[in-house]
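The structure appears below as structure tokens.
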Amino acid sequence: MQLQLKVGEIKNQVKFLVTEIYKDAKRDIKKAIFTKEEIGEVCSIVKSYSPVNSVMDSHLPFEDCYAFLTFKTKKTKRSISEIITLNEGLDSDLILPISEIDKWTSMYMSYENDKIGDGTIEFLIEPIHHLREALAELNNIYDEKYKIYKEKILYKDIPIHAPNTI
């Protein structure tokens, strides 16, 4: 259960980041195919110094994309640190996608002290593309390796009632 919660936090951080960028570009995330070209188009629309109002992360707007990215980086890194402490329950196959998420988050998304230009967020095309790939891999591995636990542990306390046949 603990592992599922921590993996879920990491997955949500990446999903919320991408969702916010698509929202700011006025693109429907439900229709997204997340190719590198599409991510490039989206990033070329979003202005780097525009305020970010991510209701998934905060009730107050972030000053700009840089403040939002720094916030997301810290949250993601905290979730990754917490999951690593669960190492006895962590399948070794999960470490690679989690490490990829950590790498792309750490190296390319922390702008606490530096800001790049005053244009768009096109500098995020590569990191977002790789984050999406790592997220897909994390989802696939997690679903395959831990599906038995979903059924036996996660839902064990939820009563299942037969449909009313009256």
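The way I read the labels, and the way they are meant: chains A, B, ... in the order of the structure tokens, residue 1 as the first residue of every chain, and ligand 1 as the first ligand shown, with later ones counted on from there.
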
(message) Can you tell me which residues surround A:Leu138 at a distance of at most 12 Å, considering only C-alpha atoms, apart from same-chain residues fewer than 5 positions away, and format the answer as a ChimeraX atom specification?
(response) /A:4,7-8,10-12,14,91-101,131-133,143-146

Save the residues we just selected, N, CA and C atoms, as a JSON list (two decimals), in the first residue's frame?
```
[["chain", "number", "residue", "atom", "x", "y", "z"],
["A", 4, "GLN", "N", 2.44, 1.77, -3.39],
["A", 4, "GLN", "CA", 1.48, 2.29, -4.36],
["A", 4, "GLN", "C", 1.26, 3.79, -4.16],
["A", 7, "VAL", "N", 4.50, 5.61, -5.47],
["A", 7, "VAL", "CA", 4.57, 5.57, -6.93],
["A", 7, "VAL", "C", 3.50, 6.48, -7.51],
["A", 8, "GLY", "N", 2.31, 6.46, -6.90],
["A", 8, "GLY", "CA", 1.22, 7.33, -7.33],
["A", 8, "GLY", "C", 1.58, 8.80, -7.23],
["A", 10, "ILE", "N", 4.61, 10.13, -7.46],
["A", 10, "ILE", "CA", 5.56, 10.44, -8.54],
["A", 10, "ILE", "C", 4.81, 10.56, -9.87],
["A", 11, "LYS", "N", 3.93, 9.61, -10.13],
["A", 11, "LYS", "CA", 3.16, 9.64, -11.38],
["A", 11, "LYS", "C", 2.32, 10.92, -11.46],
["A", 12, "ASN", "N", 1.70, 11.28, -10.34],
["A", 12, "ASN", "CA", 0.87, 12.49, -10.34],
["A", 12, "ASN", "C", 1.69, 13.76, -10.57],
["A", 14, "VAL", "N", 4.35, 14.17, -12.41],
["A", 14, "VAL", "CA", 4.63, 14.29, -13.85],
["A", 14, "VAL", "C", 3.34, 14.62, -14.59],
["A", 91, "ASP", "N", 10.65, -3.16, -6.44],
["A", 91, "ASP", "CA", 11.18, -4.05, -7.46],
["A", 91, "ASP", "C", 12.29, -3.33, -8.22],
["A", 92, "SER", "N", 13.37, -4.03, -8.51],
["A", 92, "SER", "CA", 14.52, -3.39, -9.15],
["A", 92, "SER", "C", 14.18, -2.82, -10.52],
["A", 93, "ASP", "N", 13.18, -3.39, -11.20],
["A", 93, "ASP", "CA", 12.78, -2.86, -12.51],
["A", 93, "ASP", "C", 12.18, -1.46, -12.41],
["A", 94, "LEU", "N", 11.63, -1.12, -11.26],
["A", 94, "LEU", "CA", 11.04, 0.21, -11.08],
["A", 94, "LEU", "C", 12.10, 1.29, -10.92],
["A", 95, "ILE", "N", 13.30, 0.89, -10.53],
["A", 95, "ILE", "CA", 14.34, 1.88, -10.25],
["A", 95, "ILE", "C", 14.73, 2.67, -11.50],
["A", 96, "LEU", "N", 14.80, 2.02, -12.66],
["A", 96, "LEU", "CA", 15.22, 2.73, -13.88],
["A", 96, "LEU", "C", 14.26, 3.87, -14.25],
["A", 97, "PRO", "N", 12.95, 3.63, -14.39],
["A", 97, "PRO", "CA", 12.08, 4.77, -14.73],
["A", 97, "PRO", "C", 12.04, 5.84, -13.65],
["A", 98, "ILE", "N", 12.13, 5.43, -12.38],
["A", 98, "ILE", "CA", 12.16, 6.42, -11.30],
["A", 98, "ILE", "C", 13.44, 7.24, -11.39],
["A", 99, "SER", "N", 14.55, 6.59, -11.70],
["A", 99, "SER", "CA", 15.82, 7.30, -11.87],
["A", 99, "SER", "C", 15.77, 8.25, -13.06],
["A", 100, "GLU", "N", 15.10, 7.84, -14.13],
["A", 100, "GLU", "CA", 14.95, 8.72, -15.30],
["A", 100, "GLU", "C", 14.13, 9.96, -14.94],
["A", 101, "ILE", "N", 13.06, 9.75, -14.21],
["A", 101, "ILE", "CA", 12.24, 10.89, -13.78],
["A", 101, "ILE", "C", 13.07, 11.80, -12.89],
["A", 131, "LEU", "N", 10.30, 12.76, -19.64],
["A", 131, "LEU", "CA", 9.48, 12.49, -18.46],
["A", 131, "LEU", "C", 8.25, 11.66, -18.82],
["A", 132, "ARG", "N", 7.63, 12.00, -19.93],
["A", 132, "ARG", "CA", 6.45, 11.24, -20.39],
["A", 132, "ARG", "C", 6.84, 9.80, -20.72],
["A", 133, "GLU", "N", 7.99, 9.61, -21.37],
["A", 133, "GLU", "CA", 8.45, 8.25, -21.67],
["A", 133, "GLU", "C", 8.72, 7.46, -20.39],
["A", 143, "ASP", "N", 2.28, -1.68, -13.19],
["A", 143, "ASP", "CA", 1.05, -2.44, -13.40],
["A", 143, "ASP", "C", 1.34, -3.94, -13.54],
["A", 144, "GLU", "N", 2.42, -4.29, -14.22],
["A", 144, "GLU", "CA", 2.75, -5.70, -14.41],
["A", 144, "GLU", "C", 3.27, -6.35, -13.13],
["A", 145, "LYS", "N", 4.19, -5.70, -12.46],
["A", 145, "LYS", "CA", 4.84, -6.31, -11.29],
["A", 145, "LYS", "C", 3.96, -6.33, -10.05],
["A", 146, "TYR", "N", 3.07, -5.35, -9.93],
["A", 146, "TYR", "CA", 2.34, -5.20, -8.67],
["A", 146, "TYR", "C", 0.83, -5.41, -8.80]]
```

(request) Pick out the residues sitting within 8 Å of A:Ile39, and hand them over as a list in words; count only C-alpha atoms, and ignore anything fewer than 6 positions along from it in its own chain. (result) Ile125, Ile128 and His129 of chain A

What would the file look like if the residues just selected were written as a CSV table (one decimal), in the first residue's frame with N, CA, C and O atoms?
```
chain,number,residue,atom,x,y,z
A,125,ILE,N,11.1,21.0,-24.0
A,125,ILE,CA,10.6,20.0,-24.9
A,125,ILE,C,11.3,18.7,-24.6
A,125,ILE,O,10.6,17.7,-24.4
A,128,ILE,N,10.3,17.2,-20.9
A,128,ILE,CA,8.9,16.8,-20.9
A,128,ILE,C,8.7,15.5,-21.7
A,128,ILE,O,8.1,14.5,-21.3
A,129,HIS,N,9.3,15.5,-22.8
A,129,HIS,CA,9.3,14.3,-23.7
A,129,HIS,C,9.8,13.0,-22.9
A,129,HIS,O,9.2,12.0,-22.9
```

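Each of A:Asn53, A:Thr120, A:Gln2, A:Thr105 was checked against A:Lys74 using only C-alpha atoms; the smallest atom-to-atom distance is that of A:Thr105.
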
(request) Have a look at A:Asp64, A:Asn140, A:Ser48, A:Asp102 and name the one nearest to A:Ile83; count only C-alpha atoms. (result)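 Closest to A:Ile83, using only C-alpha atoms: A:Asp102.
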
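What separates atom CA of A:Phe68 from atom CA of A:Leu5 is a distance of 23.0 Å.
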
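Distance-wise, atom CA of A:His59 and atom CA of A:Leu17 end up 15.4 Å apart.
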
(message) Which residue is closest to A:Phe16? Choose from A:Lys31, A:Lys77, A:Lys72, A:Lys103 and count only C-alpha atoms.
(response)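 Answer, going by the shortest atom-to-atom distance: A:Lys72.
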
(request) List every residue of chain A that DSSP, applied to the backbone of this structure, assigns to helix (DSSP H, G or I), and report them as a PyMOL selection string. (result) chain A and resi 2-24+29-31+36-43+65-84+87-89+92-108+122-154

(request) May I ask for the distance between atom CA of A:Ser44 and atom CA of A:Ile121, given in Å to one decimal place? (result)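 Distance between the two atoms: 6.3 Å.
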
(request) Within stretch 18-154 of chain A, find each residue whose DSSP state, derived from the backbone, is strand (DSSP E or B), and express the selection as an MDAnalysis selection string. (result) chainID A and resid 47 52 62 120
